[in-house]
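Undergrad: A single structure is presented below for examination.
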Amino acid sequence: MNEVVGRDDLLLLTLDTLRYDIATELATAGRIPHLARHLPGGAWEERHAPGSFTYASHQAMFAGFLPTPAAPGPHPRLFAARFAGSETTAGRTYVFDTPDLVSGLAAAGYRTVCVGGVGFFNKQGALGDVLPGMFQESHWEPEFGVASPTSFEAQVERAEQIVGSLPAEQRLFLFLNASALHQPNWFHLPGASREAGDSRATHAAALEYIDRHIGRLFAAMSSRRRCFAIVCSDHGTTYGDDGYTGHRLAHEAVWTVPYAHFFLEPSA
């Protein structure tokens with residue numbers, strides 16, 4: 001990462017609430033072709049989330065604690081704040097001297113931009129200002145939020161505008177929190193209803209919706225130079241699993257998340 005930072009643009013895309021099992025099922029079945037073509041080996045990596053809900057997980061990720069590989073460690077990290085005794089900071093880790101990765105990349109000359117999605121990024125109150133407030137520039141509109149059936153395409157359009165407005169020499173760190181998978185997501189499945197509510201099937205349909213538009217985001221982020229992309233979930237959610245519904249709870253479906261990182265070449 002010490003070679004990547006300063007050379008490439010950076011993308012962190014969190015597919016908010018995406019379950020590992022459903023993400024894997026869709027990749028295996030060929031239902032998310034635009035995402036799958038970039039996944040190493042065409043498959044998601046199984047990881048453990050650093051938090052069980054959006055706010056906690058993103059605070060950890062912005063501090064350098066991305067989802068952890070689901071196997072005994074320690075596992076060297078891509079990014080880490082400098083502190084004594086870290087067992088996951090290795091020679092290939094990009095180490096920053098600020099409290100969080102966002103300000104660390106800004107200090108390294110990056111333009112840091114947030115395109116928010118779920119309520120913790122909506123800037124409509126003090127709590128909704130915390131995470132986007134880390135960035136030099138942040139964007140949120142109701143069209144980006146959980147209640148919008150066209151949230152992801154609206155977010156991608158804003159990302160395209162951001163990339164297009166930058167000077168060619170300016171490096172970019174773009175963070176995008178995709179809200180489409182978060183409840184409510186029933187409207188992404190034809191024939192589903194508000195009364196029936198969300199389900200594993202509507203969750204899967206929301207991921208297919210994201211896949212239909214993600215090529216535009218990848219094309220924008222690789223339009224100026226190579227881009228290093230991290231695509232992951234911040235936590236999963238439950239749909240009646242063992243009697244549980246929702247997240248912010250300690251269940252395997254919440255803690256187990258899909259993860260991938262890869263380069264987007266300028267021709268992507």
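Scheme for the structure tokens: letters A, B, ... for chains in order shown; per-chain residue numbers from 1; ligand numbers from 1 in order shown.
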Tell me, as a ChimeraX atom specification, which residues lie within 9 Å of Trp44 of chain A, counting only C-alpha atoms; anything in the same chain fewer than 4 positions away does not count.

TA: /A:20,23-24,27,36,39-40,232,258-260

Undergrad: Write out as a list in words which residues come within 8 Å of segment 76-93 of chain A when counting only C-alpha atoms, dropping same-chain ones fewer than 6 positions away.

TA: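 Near neighbours after the sequence-gap exclusion: Met1, Asn2, Ala63, Gly64, Phe65, Leu66, Pro99, Asp100 and Leu101 of chain A.
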
Undergrad: Any chance you can output those residues with N, CA, C and O atoms as a CSV table (one decimal), in the first residue's frame?

TA:
```csv
chain,number,residue,atom,x,y,z
A,1,MET,N,0.8,-1.2,0.0
A,1,MET,CA,0.0,0.0,0.0
A,1,MET,C,0.9,1.3,0.0
A,1,MET,O,0.4,2.3,-0.4
A,2,ASN,N,2.1,1.2,0.4
A,2,ASN,CA,3.0,2.3,0.4
A,2,ASN,C,3.3,2.7,-1.1
A,2,ASN,O,3.7,3.9,-1.3
A,63,ALA,N,-10.6,4.1,10.8
A,63,ALA,CA,-9.4,4.0,11.7
A,63,ALA,C,-8.4,3.0,11.1
A,63,ALA,O,-7.3,2.8,11.7
A,64,GLY,N,-8.7,2.3,10.0
A,64,GLY,CA,-7.8,1.3,9.4
A,64,GLY,C,-8.2,-0.1,9.7
A,64,GLY,O,-7.5,-1.0,9.2
A,65,PHE,N,-9.3,-0.3,10.4
A,65,PHE,CA,-9.7,-1.7,10.8
A,65,PHE,C,-10.7,-2.2,9.8
A,65,PHE,O,-11.9,-2.2,10.1
A,66,LEU,N,-10.3,-2.6,8.6
A,66,LEU,CA,-11.2,-3.2,7.6
A,66,LEU,C,-11.7,-4.6,8.1
A,66,LEU,O,-11.1,-5.1,9.0
A,99,PRO,N,-5.5,10.7,13.3
A,99,PRO,CA,-6.4,9.8,14.0
A,99,PRO,C,-7.2,8.8,13.1
A,99,PRO,O,-7.7,7.8,13.6
A,100,ASP,N,-7.3,9.1,11.8
A,100,ASP,CA,-8.1,8.3,10.9
A,100,ASP,C,-7.5,8.3,9.5
A,100,ASP,O,-6.7,9.2,9.2
A,101,LEU,N,-7.9,7.3,8.8
A,101,LEU,CA,-7.4,7.1,7.4
A,101,LEU,C,-7.8,8.3,6.5
A,101,LEU,O,-7.0,8.7,5.7
```

Undergrad: When you count only C-alpha atoms, which of these residues is closest to Ile162 of chain A: A:Leu15, A:Val146, A:Ala206, A:Val113?

TA: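 Checking each candidate against Ile162 of chain A, we get A:Val113 as the closest.
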
Undergrad: Skip segment 179-196 of chain A itself and residues of its chain fewer than 5 positions away, then list as a PyMOL selection string all residues within 10 Å of it, counting only C-alpha atoms.

TA: chain A and resi 14-19+116-119+144-153+155+201-210+236-237+246

Undergrad: Expressed in Å to a single decimal, how great is the separation between atom CA of Met221 of chain A and atom CA of Leu174 of chain A?

TA: 8.5 Å

Undergrad: Apply DSSP to the backbone of this structure and, from segment 148-258 of chain A, keep only the residues in strand (DSSP E); write these as a list in words.

TA: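 Those residues are Leu172, Phe173, Leu174, Phe175, Leu176, Asn177, Ala178, Cys227, Phe228, Ala229, Ile230, Val231, Cys232, Thr238, Tyr239, Thr245, Gly246, Thr256, Val257 and Pro258 of chain A.
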
Undergrad: Please compute the atom CA of Arg224 of chain A-atom CA of Tyr94 of chain A distance, one decimal, in Å.

TA: 22.7 Å

Undergrad: Quick one: pull the distance between atom CA of Leu11 of chain A and atom CA of Cys227 of chain A, Å, one decimal.

TA: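 About the pair atom CA of Leu11 of chain A and atom CA of Cys227 of chain A: they are 7.0 Å apart.
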
Undergrad: From the DSSP assignment of the backbone, select every residue of segment 41-73 of chain A that is alpha helix (DSSP H), and format the answer as a ChimeraX atom specification.

TA: /A:54-62

Undergrad: Print the selection's residues with C-alpha atoms to a file, as a short mmCIF file (atom, residue, chain, number, x, y, z; two decimals), in the first residue's frame.

TA:
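Written out: selection.cif:
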```
data_model
loop_
_atom_site.label_atom_id
_atom_site.label_comp_id
_atom_site.auth_asym_id
_atom_site.auth_seq_id
_atom_site.Cartn_x
_atom_site.Cartn_y
_atom_site.Cartn_z
CA THR A 54 -23.15 1.06 10.34
CA TYR A 55 -21.81 3.67 12.75
CA ALA A 56 -19.57 1.36 14.74
CA SER A 57 -18.26 -0.47 11.70
CA HIS A 58 -17.39 2.66 9.74
CA GLN A 59 -15.67 4.28 12.70
CA ALA A 60 -13.45 1.20 12.83
CA MET A 61 -12.87 1.06 9.07
CA PHE A 62 -11.95 4.73 8.91
#
```

Undergrad: Using only C-alpha atoms, determine which residues lie at most 12 Å from Thr245 of chain A, disregarding the query and same-chain residues fewer than 5 positions distant; provide the list as a list in words.

TA: Gln183, Gly197, Asp198, Ser199, Arg200, Gly236, Thr237, Thr238, Tyr239, Gly240, Ala250, His251, Ala253 and Val254 of chain A
